[in-house]
$ cat data-v3.tsv   # TSV, C-alpha atoms and all ligand atoms
chain	number	residue	atom	x	y	z
D	1	MET	CA	-24.39	-28.27	4.17
D	2	ALA	CA	-24.81	-31.99	3.55
D	3	TYR	CA	-21.29	-32.66	4.75
D	4	MET	CA	-22.49	-32.01	8.29
D	5	ASP	CA	-25.01	-34.86	8.31
D	6	ASN	CA	-22.84	-37.54	9.78
D	7	LEU	CA	-21.20	-35.39	12.43
D	8	THR	CA	-22.18	-36.29	15.94
D	9	ILE	CA	-19.90	-34.54	18.41
D	10	ASP	CA	-21.43	-31.15	19.29
D	11	SER	CA	-18.29	-29.07	19.38
D	12	PHE	CA	-17.28	-30.56	16.09
D	13	VAL	CA	-20.61	-29.50	14.60
D	14	ILE	CA	-20.23	-26.01	16.01
D	15	ALA	CA	-16.72	-25.75	14.64
D	16	HIS	CA	-18.02	-26.69	11.22
D	17	VAL	CA	-20.92	-24.27	11.38
D	18	ILE	CA	-18.52	-21.46	12.23
D	19	LEU	CA	-16.17	-22.61	9.51
D	20	GLY	CA	-19.12	-22.85	7.10
D	21	ILE	CA	-20.10	-19.27	7.82
D	22	ALA	CA	-16.53	-18.08	7.42
D	23	VAL	CA	-16.21	-19.94	4.15
D	24	SER	CA	-19.43	-18.52	2.74
D	25	MET	CA	-18.38	-15.05	3.85
D	26	VAL	CA	-15.11	-15.21	1.99
D	27	THR	CA	-16.71	-16.45	-1.21
D	28	SER	CA	-19.99	-14.55	-1.37
D	29	VAL	CA	-18.41	-11.55	-3.10
D	30	LYS	CA	-16.54	-11.65	-6.37
D	31	VAL	CA	-13.41	-10.27	-4.76
D	32	PRO	CA	-13.24	-12.12	-1.43
D	33	GLY	CA	-10.23	-10.23	-0.11
D	34	ILE	CA	-7.66	-7.50	-0.73
D	35	ILE	CA	-4.00	-8.44	-0.37
D	36	VAL	CA	-1.58	-5.55	-0.07
D	37	PHE	CA	2.14	-5.19	-0.78
D	38	GLY	CA	4.19	-2.02	-0.69
D	39	ASP	CA	5.44	0.88	1.38
D	40	SER	CA	4.06	3.50	3.79
D	41	SER	CA	1.39	4.53	1.29
D	42	VAL	CA	-0.34	1.28	2.29
D	43	ASP	CA	1.40	-0.05	5.46
D	44	ALA	CA	-1.29	-0.77	8.05
D	45	GLY	CA	1.23	-1.15	10.89
D	46	ASN	CA	3.76	-3.88	10.07
D	47	ASN	CA	6.64	-1.59	11.03
D	48	ASN	CA	5.37	-1.59	14.64
D	49	TYR	CA	6.71	-5.13	14.94
D	50	ILE	CA	10.15	-4.73	13.43
D	51	SER	CA	13.19	-2.91	14.65
D	52	THR	CA	13.24	0.33	12.66
D	53	MET	CA	12.92	3.96	13.63
D	54	LEU	CA	10.39	4.47	10.85
D	55	LYS	CA	7.17	4.09	12.85
D	56	SER	CA	3.95	5.99	13.42
D	57	ASN	CA	2.19	4.05	16.18
D	58	PHE	CA	1.83	7.06	18.46
D	59	LYS	CA	-0.27	10.20	18.62
D	60	PRO	CA	-1.21	12.33	16.76
D	61	TYR	CA	-1.09	9.59	14.08
D	62	GLY	CA	-4.50	7.92	13.93
D	63	ARG	CA	-6.32	10.74	15.68
D	64	ASP	CA	-9.14	10.50	13.09
D	65	PHE	CA	-8.99	6.69	12.91
D	66	TYR	CA	-11.62	4.54	14.69
D	67	GLY	CA	-11.27	5.28	18.39
D	68	GLY	CA	-8.58	7.87	17.64
D	69	GLU	CA	-6.15	4.97	17.72
D	70	PRO	CA	-2.62	5.21	16.28
D	71	THR	CA	-2.14	1.97	14.34
D	72	GLY	CA	1.12	2.46	12.53
D	73	ARG	CA	-0.61	3.86	9.47
D	74	PHE	CA	1.21	7.00	8.34
D	75	CYS	CA	-1.98	9.01	8.40
D	76	ASN	CA	-4.48	10.68	10.70
D	77	GLY	CA	-7.02	8.08	9.56
D	78	ARG	CA	-7.35	5.39	6.95
D	79	LEU	CA	-5.28	4.45	3.91
D	80	PRO	CA	-6.39	4.17	0.27
D	81	THR	CA	-6.33	0.37	0.56
D	82	ASP	CA	-8.75	0.52	3.51
D	83	PHE	CA	-11.17	2.60	1.44
D	84	ILE	CA	-10.79	0.28	-1.54
D	85	SER	CA	-11.60	-2.74	0.63
D	86	GLU	CA	-14.70	-0.93	1.84
D	87	ALA	CA	-15.68	0.00	-1.73
D	88	PHE	CA	-15.61	-3.70	-2.63
D	89	GLY	CA	-18.01	-4.32	0.22
D	90	ILE	CA	-15.45	-6.33	2.18
D	91	LYS	CA	-14.31	-4.50	5.34
D	92	PRO	CA	-13.34	-0.91	6.22
D	93	VAL	CA	-9.85	-1.70	7.52
D	94	ILE	CA	-7.19	-4.12	6.28
D	95	PRO	CA	-5.09	-5.52	9.15
D	96	ALA	CA	-1.30	-5.74	9.19
D	97	TYR	CA	0.03	-9.28	8.88
D	98	LEU	CA	2.50	-8.88	11.75
D	99	ASP	CA	-0.11	-7.53	14.17
D	100	PRO	CA	-0.64	-10.29	16.79
D	101	LYS	CA	-4.21	-9.09	17.43
D	102	PHE	CA	-5.22	-10.66	14.11
D	103	ASN	CA	-4.97	-14.13	12.64
D	104	VAL	CA	-5.80	-16.03	9.47
D	105	SER	CA	-9.53	-15.77	10.16
D	106	HIS	CA	-9.21	-12.00	9.65
D	107	PHE	CA	-6.54	-12.19	6.95
D	108	ALA	CA	-8.71	-14.42	4.75
D	109	THR	CA	-10.71	-11.32	3.74
D	110	GLY	CA	-7.74	-8.97	3.44
D	111	VAL	CA	-4.23	-8.64	4.73
D	112	CYS	CA	-1.42	-6.13	4.45
D	113	PHE	CA	2.24	-7.11	4.05
D	114	ALA	CA	3.47	-3.58	3.32
D	115	SER	CA	6.30	-1.89	5.20
D	116	ALA	CA	6.89	1.84	5.39
D	117	GLY	CA	10.21	2.86	3.88
D	118	THR	CA	10.57	-0.11	1.56
D	119	GLY	CA	11.13	-0.11	-2.19
D	120	PHE	CA	11.51	-2.38	-5.17
D	121	ASP	CA	15.27	-2.18	-4.62
D	122	ASN	CA	16.74	-4.16	-1.69
D	123	ALA	CA	19.06	-1.22	-1.04
D	124	THR	CA	16.03	0.98	-0.31
D	125	SER	CA	14.68	-1.20	2.49
D	126	ASP	CA	18.21	-1.34	3.93
D	127	VAL	CA	18.28	2.44	4.47
D	128	LEU	CA	15.89	2.32	7.45
D	129	SER	CA	16.02	-1.45	8.13
D	130	VAL	CA	12.48	-2.17	7.01
D	131	ILE	CA	10.92	-5.21	5.33
D	132	PRO	CA	12.27	-5.73	1.80
D	133	LEU	CA	9.76	-6.53	-0.93
D	134	TRP	CA	11.06	-10.09	-1.33
D	135	LYS	CA	10.38	-10.65	2.36
D	136	GLU	CA	6.81	-9.37	1.99
D	137	LEU	CA	6.39	-12.16	-0.57
D	138	GLU	CA	7.82	-14.70	1.91
D	139	TYR	CA	5.24	-13.58	4.46
D	140	TYR	CA	2.56	-13.94	1.82
D	141	LYS	CA	3.63	-17.54	1.17
D	142	GLU	CA	3.52	-18.23	4.89
D	143	PHE	CA	-0.02	-16.79	4.90
D	144	GLN	CA	-0.98	-19.13	2.07
D	145	LYS	CA	-0.03	-22.12	4.23
D	146	GLU	CA	-2.09	-20.76	7.12
D	147	LEU	CA	-5.01	-20.24	4.75
D	148	ASN	CA	-4.75	-23.84	3.52
D	149	ASP	CA	-4.98	-25.12	7.09
D	150	TYR	CA	-7.84	-22.77	7.87
D	151	LEU	CA	-10.07	-23.14	4.79
D	152	GLY	CA	-8.86	-26.37	3.24
D	153	GLU	CA	-6.78	-26.47	0.11
D	154	GLU	CA	-9.53	-26.05	-2.45
D	155	LYS	CA	-11.24	-23.09	-0.78
D	156	ALA	CA	-7.89	-21.46	-0.04
D	157	LYS	CA	-6.91	-21.77	-3.67
D	158	GLU	CA	-10.11	-20.01	-4.68
D	159	VAL	CA	-9.51	-17.15	-2.24
D	160	ILE	CA	-5.93	-16.82	-3.51
D	161	ARG	CA	-7.13	-16.76	-7.11
D	162	GLU	CA	-10.11	-14.43	-6.68
D	163	SER	CA	-8.63	-11.90	-4.24
D	164	LEU	CA	-7.38	-8.59	-5.52
D	165	TYR	CA	-3.67	-7.86	-5.04
D	166	LEU	CA	-2.60	-4.24	-4.70
D	167	ILE	CA	1.05	-3.26	-5.04
D	168	SER	CA	2.02	0.30	-4.09
D	169	VAL	CA	5.75	0.96	-3.94
D	170	GLY	CA	8.50	2.92	-5.68
D	171	THR	CA	8.53	6.45	-4.26
D	172	ASN	CA	11.19	5.55	-1.69
D	173	ASP	CA	13.47	4.06	-4.33
D	174	PHE	CA	13.80	7.55	-5.74
D	175	LEU	CA	13.39	9.89	-2.77
D	176	GLU	CA	14.90	7.89	0.08
D	177	ASN	CA	17.54	6.11	-1.97
D	178	TYR	CA	18.51	7.36	-5.44
D	179	TYR	CA	18.36	11.09	-4.79
D	180	LEU	CA	19.54	10.96	-1.18
D	181	ILE	CA	22.29	8.36	-1.04
D	182	PRO	CA	25.11	8.55	-3.59
D	183	LYS	CA	25.56	4.82	-4.16
D	184	ARG	CA	22.77	4.10	-6.67
D	185	SER	CA	23.08	7.45	-8.42
D	186	SER	CA	26.79	6.83	-9.02
D	187	GLN	CA	26.02	3.34	-10.39
D	188	TYR	CA	23.02	4.11	-12.59
D	189	SER	CA	21.56	6.92	-14.66
D	190	ILE	CA	17.96	7.62	-13.73
D	191	GLU	CA	16.79	5.73	-16.84
D	192	GLU	CA	18.92	2.74	-15.92
D	193	TYR	CA	17.63	2.83	-12.37
D	194	GLN	CA	14.02	2.93	-13.59
D	195	LYS	CA	14.80	-0.09	-15.75
D	196	LEU	CA	16.24	-1.92	-12.75
D	197	LEU	CA	13.10	-1.23	-10.71
D	198	LEU	CA	10.82	-2.31	-13.57
D	199	GLY	CA	12.75	-5.58	-13.83
D	200	ILE	CA	12.13	-6.20	-10.14
D	201	ALA	CA	8.43	-5.33	-10.57
D	202	ASP	CA	8.22	-7.77	-13.47
D	203	ASN	CA	9.74	-10.58	-11.36
D	204	PHE	CA	7.58	-9.77	-8.37
D	205	ILE	CA	4.38	-10.03	-10.41
D	206	ALA	CA	5.58	-13.25	-12.03
D	207	GLU	CA	6.17	-14.75	-8.58
D	208	LEU	CA	2.73	-13.68	-7.38
D	209	TYR	CA	1.23	-15.26	-10.49
D	210	GLU	CA	3.24	-18.41	-9.88
D	211	ALA	CA	1.82	-18.50	-6.34
D	212	GLY	CA	-1.75	-18.42	-7.70
D	213	ALA	CA	-2.66	-14.71	-7.84
D	214	ARG	CA	-4.59	-13.59	-10.93
D	215	LYS	CA	-6.23	-10.21	-10.19
D	216	ILE	CA	-3.46	-7.73	-9.59
D	217	SER	CA	-3.17	-3.96	-9.70
D	218	ILE	CA	0.12	-2.14	-9.53
D	219	VAL	CA	-0.19	1.46	-8.45
D	220	GLY	CA	1.82	4.17	-10.20
D	221	LEU	CA	3.88	6.89	-8.54
D	222	PRO	CA	2.30	10.08	-7.16
D	223	PRO	CA	3.56	13.57	-8.09
D	224	MET	CA	6.35	12.93	-5.61
D	225	GLY	CA	8.03	16.28	-6.24
D	226	CYS	CA	5.03	17.92	-4.55
D	227	LEU	CA	5.31	16.12	-1.22
D	228	PRO	CA	5.88	18.79	1.45
D	229	LEU	CA	9.32	17.40	2.32
D	230	GLU	CA	10.36	17.73	-1.32
D	231	ARG	CA	9.08	21.30	-1.47
D	232	THR	CA	11.03	22.08	1.69
D	233	ARG	CA	14.23	20.71	0.20
D	234	ASN	CA	13.46	22.98	-2.73
D	235	PHE	CA	13.22	26.07	-0.47
D	236	MET	CA	15.69	28.00	-2.61
D	237	PHE	CA	13.00	28.06	-5.25
D	238	GLY	CA	10.16	29.19	-3.01
D	239	ILE	CA	8.88	25.74	-1.96
D	240	GLU	CA	7.64	24.93	-5.44
D	241	CYS	CA	7.16	21.29	-6.42
D	242	VAL	CA	10.40	19.66	-7.56
D	243	LYS	CA	9.68	19.43	-11.29
D	244	GLU	CA	12.46	16.98	-12.00
D	245	HIS	CA	11.04	14.45	-9.53
D	246	ASN	CA	7.55	14.80	-10.94
D	247	LEU	CA	8.94	14.12	-14.40
D	248	VAL	CA	10.69	11.01	-13.15
D	249	ALA	CA	7.33	9.86	-11.72
D	250	THR	CA	5.35	10.44	-14.93
D	251	ASP	CA	8.11	8.82	-16.96
D	252	PHE	CA	8.19	5.80	-14.64
D	253	ASN	CA	4.38	5.51	-14.79
D	254	VAL	CA	4.41	5.36	-18.60
D	255	LYS	CA	7.02	2.60	-18.47
D	256	LEU	CA	5.09	0.75	-15.79
D	257	GLN	CA	1.98	0.91	-17.93
D	258	ASP	CA	3.92	-0.59	-20.86
D	259	LEU	CA	5.20	-3.34	-18.60
D	260	VAL	CA	1.65	-4.09	-17.48
D	261	MET	CA	0.58	-4.54	-21.12
D	262	GLU	CA	3.50	-6.86	-21.77
D	263	ILE	CA	2.80	-8.99	-18.72
D	264	ASN	CA	-0.89	-9.29	-19.63
D	265	GLN	CA	0.17	-10.80	-22.94
D	266	LYS	CA	2.82	-13.02	-21.40
D	267	LEU	CA	1.02	-14.60	-18.44
D	268	HIS	CA	-2.08	-16.57	-19.38
D	269	GLY	CA	-5.20	-15.69	-17.39
D	270	ILE	CA	-3.65	-12.80	-15.47
D	271	GLN	CA	-5.73	-9.63	-15.07
D	272	LEU	CA	-3.09	-7.02	-14.35
D	273	VAL	CA	-4.17	-3.40	-14.14
D	274	PHE	CA	-2.10	-0.26	-13.83
D	275	SER	CA	-3.76	2.18	-11.37
D	276	ASN	CA	-2.66	5.75	-11.71
D	277	PRO	CA	-2.90	8.06	-8.68
D	278	TYR	CA	-0.81	10.78	-10.31
D	279	ASP	CA	-3.50	12.72	-12.17
D	280	ILE	CA	-6.02	12.91	-9.35
D	281	MET	CA	-3.32	14.02	-6.90
D	282	TRP	CA	-2.08	16.57	-9.39
D	283	ASP	CA	-5.65	17.87	-9.85
D	284	ILE	CA	-6.10	18.19	-6.10
D	285	ILE	CA	-2.79	20.02	-5.71
D	286	GLN	CA	-3.42	22.38	-8.62
D	287	ASN	CA	-7.02	23.07	-7.80
D	288	PRO	CA	-7.81	22.24	-4.15
D	289	ASP	CA	-10.98	24.34	-3.74
D	290	PRO	CA	-13.56	22.00	-5.26
D	291	PHE	CA	-12.18	19.20	-3.08
D	292	GLY	CA	-12.48	21.33	0.04
D	293	PHE	CA	-8.78	21.64	0.77
D	294	GLU	CA	-7.10	24.85	1.89
D	295	ASP	CA	-3.45	23.85	2.11
D	296	VAL	CA	-1.67	21.71	-0.47
D	297	ALA	CA	1.95	22.67	0.17
D	298	THR	CA	2.52	22.14	3.87
D	299	ALA	CA	1.33	19.28	6.05
D	300	CYS	CA	-0.98	19.31	9.06
D	301	CYS	CA	1.54	17.85	11.48
D	302	GLY	CA	3.96	20.28	13.15
D	303	THR	CA	5.29	23.08	10.98
D	304	GLY	CA	4.20	21.00	8.00
D	305	LEU	CA	7.59	21.42	6.39
D	306	PHE	CA	9.52	18.33	7.42
D	307	GLU	CA	7.91	16.42	10.31
D	308	MET	CA	7.10	12.76	9.84
D	309	SER	CA	7.45	9.58	11.92
D	310	PHE	CA	9.03	10.38	15.32
D	311	LEU	CA	9.29	14.08	14.46
D	312	CYS	CA	5.52	14.21	14.16
D	313	ASP	CA	4.61	13.75	17.83
D	314	LYS	CA	1.89	14.90	20.17
D	315	PHE	CA	4.09	17.57	21.76
D	316	ASN	CA	4.21	19.65	18.63
D	317	PRO	CA	2.11	22.77	19.32
D	318	SER	CA	1.70	23.84	15.70
D	319	THR	CA	-0.09	20.70	14.46
D	320	CYS	CA	-3.31	21.76	12.74
D	321	SER	CA	-6.69	21.22	14.34
D	322	ASP	CA	-8.63	20.14	11.25
D	323	ALA	CA	-6.71	17.76	9.00
D	324	ASN	CA	-9.56	17.85	6.46
D	325	GLU	CA	-8.28	21.22	5.29
D	326	TYR	CA	-4.95	19.64	4.33
D	327	VAL	CA	-3.92	17.38	1.47
D	328	PHE	CA	-0.95	16.14	3.49
D	329	TRP	CA	-1.01	14.83	7.03
D	330	ASP	CA	2.76	14.69	7.55
D	331	ALA	CA	5.56	15.85	5.27
D	332	PHE	CA	5.36	12.67	3.19
D	333	HIS	CA	1.83	11.26	3.46
D	334	PRO	CA	-1.70	12.36	2.48
D	335	THR	CA	-4.50	12.88	4.99
D	336	HIS	CA	-7.42	10.53	5.55
D	337	LYS	CA	-9.57	12.80	3.40
D	338	ALA	CA	-7.07	12.94	0.53
D	339	ASN	CA	-6.67	9.14	0.74
D	340	SER	CA	-10.41	8.70	0.47
D	341	ILE	CA	-10.56	10.83	-2.69
D	342	ILE	CA	-7.58	9.03	-4.22
D	343	ALA	CA	-9.02	5.60	-3.37
D	344	ASN	CA	-12.42	6.49	-4.77
D	345	HIS	CA	-10.75	7.61	-7.99
D	346	LEU	CA	-8.71	4.42	-8.28
D	347	PHE	CA	-11.75	2.27	-7.53
D	348	LYS	CA	-14.00	3.96	-10.09
D	349	ASN	CA	-11.44	4.27	-12.86
D	350	TYR	CA	-9.35	1.13	-12.61
D	351	LEU	CA	-10.51	-1.42	-10.07
D	352	ILE	CA	-14.27	-1.59	-10.50
D	353	GLN	CA	-13.81	-4.08	-13.35
D	354	PHE	CA	-12.84	-6.67	-10.73
D	355	GLN	CA	-16.13	-6.38	-8.92
H	401	LIG	C1	-8.43	-15.81	15.67
H	401	LIG	O1	-8.64	-14.88	16.71
H	401	LIG	C2	-9.94	-14.93	17.28
H	401	LIG	C3	-10.04	-13.80	18.29
H	401	LIG	O2	-10.00	-12.56	17.63
H	401	LIG	C4	-10.14	-16.28	17.90
H	401	LIG	O3	-11.44	-16.37	18.44
H	401	LIG	C5	-9.96	-17.37	16.87
H	401	LIG	O4	-10.01	-18.64	17.48
H	401	LIG	C6	-8.61	-17.24	16.16
H	401	LIG	N1	-8.63	-18.16	15.02
H	401	LIG	C7	-7.58	-18.85	14.62
H	401	LIG	C8	-7.80	-19.72	13.44
H	401	LIG	O5	-6.48	-18.77	15.17
H	402	LIG	C1	17.19	-9.00	-2.82
H	402	LIG	O1	17.66	-9.80	-1.75
H	402	LIG	C2	17.18	-11.13	-1.75
H	402	LIG	C3	17.65	-11.82	-0.48
H	402	LIG	O2	19.02	-11.68	-0.30
H	402	LIG	C4	17.65	-11.85	-3.01
H	402	LIG	O3	17.14	-13.17	-3.04
H	402	LIG	C5	17.15	-11.08	-4.22
H	402	LIG	O4	17.67	-11.67	-5.40
H	402	LIG	C6	17.59	-9.63	-4.16
H	402	LIG	N1	16.93	-8.92	-5.23
H	402	LIG	C7	17.59	-8.23	-6.14
H	402	LIG	C8	16.80	-7.65	-7.25
H	402	LIG	O5	18.80	-8.08	-6.11
$ encode --input "data-v3.tsv" --output "structure tokens"
Amino acid sequence: MAYMDNLTIDSFVIAHVILGIAVSMVTSVKVPGIIVFGDSSVDAGNNNYISTMLKSNFKPYGRDFYGGEPTGRFCNGRLPTDFISEAFGIKPVIPAYLDPKFNVSHFATGVCFASAGTGFDNATSDVLSVIPLWKELEYYKEFQKELNDYLGEEKAKEVIRESLYLISVGTNDFLENYYLIPKRSSQYSIEEYQKLLLGIADNFIAELYEAGARKISIVGLPPMGCLPLERTRNFMFGIECVKEHNLVATDFNVKLQDLVMEINQKLHGIQLVFSNPYDIMWDIIQNPDPFGFEDVATACCGTGLFEMSFLCDKFNPSTCSDANEYVFWDAFHPTHKANSIIANHLFKNYLIQFQ
């Protein structure tokens, strides 16, 4: 702390002591922060501050979160990214970038740019007027400037380089866009559409790398045909999982993994890891007992068949009393407990190498 020697004005000294503490906090662990991009699987509440109907900042969302507070997370509690941040010894909750309660002093150790309903494809974010992925990157660049001012250029650069970037997106491109709205499916075969999305993923990672990121994990797709809403659409077949959509997910994951290998060879010094949530979710759904779940097919909220966002509200009398018995909280999103199991799996199998 020799740089403080010639400071004389008290408040100036105090400011530097505080700054010194903040700086040592953000660099004392190998991964100083977690930076999140993606959709509702990881959105900590950014959609609260934009004009979309896709929100969850009301009860019963968040009823098992700290203080029972609805935050805009599409869950009764925390998200996988929150658990991952905790597993790295950083903090138990990653704040949303657009939340005015937080500023760069909080974001320096983890920040979320994700937006529920978004996708790789610009046309996906258009469906419910949410934040497109390219705009998440713009926000990230704005954050970098704030971090420079806050920590100084050198320290900021280090935080940017050493932080872990998590990207979780893609389900909506298929379920909210390709299979629901005729435009993309009339333009592209499913293989062509996958290729389009992978091209966007490739560019997105290259831009992150260009901006100074090095430790990056892109998360694969879940068994999306088993989401309660998908089963409900499949009611003619006895609410089984939609096999075709699960196949699209496994196929996409294989291609994503290949892309990750390519990028690792192409971009010098990048540590890009593919994290696969598919298998653990599939295990849970096929064999819920050992995990302590009782219902894998319907969600806790409402009838469990279709409610999410504004349809999942506190007036619904059939919402379950113990969400821990359920894999899914609403018709599209896992419970706090399922998220904790998924996050633990991702941390132990893919992300621990960054520690
Ligand atoms: C961030 O917010 C805290 C209050 O939570 C405040 O004390 C602090 O001055 C703010 N820092 C910056 C850099 O804006
Ligand atoms: C998405 O939209 C942005 C802003 O208009 C544009 O810069 C970008 O090229 C588009 N991305 C794709 C893949 O079309």
$ closest_atom_pairs --input "data-v3.tsv" --of "chain D" --to "ligand LIG 402 (chain H)" --cutoff "7 Å" --atoms "all atoms listed in the file" --output "tab-separated table"
residue	atom	partner	partner_atom	distance
D:Asp121	CA	H:LIG402	C8	6.3
D:Asn122	CA	H:LIG402	C1	5.0
D:Trp134	CA	H:LIG402	C2	6.2
D:Ile200	CA	H:LIG402	C8	5.7
$ residues_around --input "data-v3.tsv" --residues "Phe74 of chain D" --least-positions-apart "2" --cutoff "10 Å" --atoms "only C-alpha atoms" --output "JSON, numbers by chain"
{"D": [40, 41, 42, 43, 44, 45, 54, 55, 56, 57, 61, 62, 70, 71, 72, 76, 77, 78, 79, 116, 308, 309, 329, 330, 332, 333, 334, 335, 336]}
$ residues_near_ligand --input "data-v3.tsv" --ligand "ligand LIG 401 (chain H)" --cutoff "7 Å" --atoms "all atoms listed in the file" --output "list of chain:residue names"
D:Lys101, D:Phe102, D:Asn103, D:Val104, D:Ser105, D:Tyr150
$ atom_distance --input "data-v3.tsv" --atom1 "atom CA of Tyr139 of chain D" --atom2 "atom CA of Ser85 of chain D"
20.4 Å
$ residues_around --input "data-v3.tsv" --residues "Thr171 of chain D" --least-positions-apart "3" --cutoff "10 Å" --atoms "all atoms listed in the file" --output "JSON, numbers by chain"
{"D": [39, 40, 41, 117, 118, 119, 120, 168, 174, 175, 176, 177, 220, 221, 222, 223, 224, 245, 249]}
$ atom_distance --input "data-v3.tsv" --atom1 "atom CA of Asn339 of chain D" --atom2 "atom CA of Ser129 of chain D"
26.1 Å
$ atom_distance --input "data-v3.tsv" --atom1 "atom CA of Gln271 of chain D" --atom2 "atom CA of Lys215 of chain D"
4.9 Å
$ residues_near_point --input "data-v3.tsv" --point "(9.4, -6.5, -13.3)" --cutoff "12 Å" --atoms "all atoms listed in the file" --output "PDB file with C-alpha atoms, keeping the file's coordinate frame"
ATOM      1  CA  PHE D 120      11.510  -2.380  -5.170  1.00  0.00           C
ATOM      2  CA  ASP D 121      15.270  -2.180  -4.620  1.00  0.00           C
ATOM      3  CA  GLN D 194      14.020   2.930 -13.590  1.00  0.00           C
ATOM      4  CA  LYS D 195      14.800  -0.090 -15.750  1.00  0.00           C
ATOM      5  CA  LEU D 196      16.240  -1.920 -12.750  1.00  0.00           C
ATOM      6  CA  LEU D 197      13.100  -1.230 -10.710  1.00  0.00           C
ATOM      7  CA  LEU D 198      10.820  -2.310 -13.570  1.00  0.00           C
ATOM      8  CA  GLY D 199      12.750  -5.580 -13.830  1.00  0.00           C
ATOM      9  CA  ILE D 200      12.130  -6.200 -10.140  1.00  0.00           C
ATOM     10  CA  ALA D 201       8.430  -5.330 -10.570  1.00  0.00           C
ATOM     11  CA  ASP D 202       8.220  -7.770 -13.470  1.00  0.00           C
ATOM     12  CA  ASN D 203       9.740 -10.580 -11.360  1.00  0.00           C
ATOM     13  CA  PHE D 204       7.580  -9.770  -8.370  1.00  0.00           C
ATOM     14  CA  ILE D 205       4.380 -10.030 -10.410  1.00  0.00           C
ATOM     15  CA  ALA D 206       5.580 -13.250 -12.030  1.00  0.00           C
ATOM     16  CA  GLU D 207       6.170 -14.750  -8.580  1.00  0.00           C
ATOM     17  CA  LEU D 208       2.730 -13.680  -7.380  1.00  0.00           C
ATOM     18  CA  ILE D 218       0.120  -2.140  -9.530  1.00  0.00           C
ATOM     19  CA  LYS D 255       7.020   2.600 -18.470  1.00  0.00           C
ATOM     20  CA  LEU D 256       5.090   0.750 -15.790  1.00  0.00           C
ATOM     21  CA  GLN D 257       1.980   0.910 -17.930  1.00  0.00           C
ATOM     22  CA  ASP D 258       3.920  -0.590 -20.860  1.00  0.00           C
ATOM     23  CA  LEU D 259       5.200  -3.340 -18.600  1.00  0.00           C
ATOM     24  CA  VAL D 260       1.650  -4.090 -17.480  1.00  0.00           C
ATOM     25  CA  MET D 261       0.580  -4.540 -21.120  1.00  0.00           C
ATOM     26  CA  GLU D 262       3.500  -6.860 -21.770  1.00  0.00           C
ATOM     27  CA  ILE D 263       2.800  -8.990 -18.720  1.00  0.00           C
TER      28      ILE D 263
END
$ residues_around --input "data-v3.tsv" --residues "Asp149 of chain D" --least-positions-apart "6" --cutoff "12 Å" --atoms "only C-alpha atoms" --output "list in words"
Leu19, Val104, Ser105, Ala108, Glu142, Phe143, Lys155, Ala156 and Lys157 of chain D
$ closest_residue --input "data-v3.tsv" --among "D:Asn287, D:Thr303, D:Ser275, D:Ser321" --to "Lys348 of chain D" --atoms "all atoms listed in the file"
D:Ser275
$ residues_around --input "data-v3.tsv" --residues "Ala299 of chain D" --least-positions-apart "4" --cutoff "8 Å" --atoms "all atoms listed in the file" --output "list in words"
Pro228, Asp295, Thr303, Gly304, Leu305, Tyr326, Val327, Phe328, Trp329, Asp330 and Ala331 of chain D
$ closest_residue --input "data-v3.tsv" --among "D:Gly110, D:Gly33, D:Pro60, D:Pro277" --to "Cys312 of chain D" --atoms "only C-alpha atoms"
D:Pro60
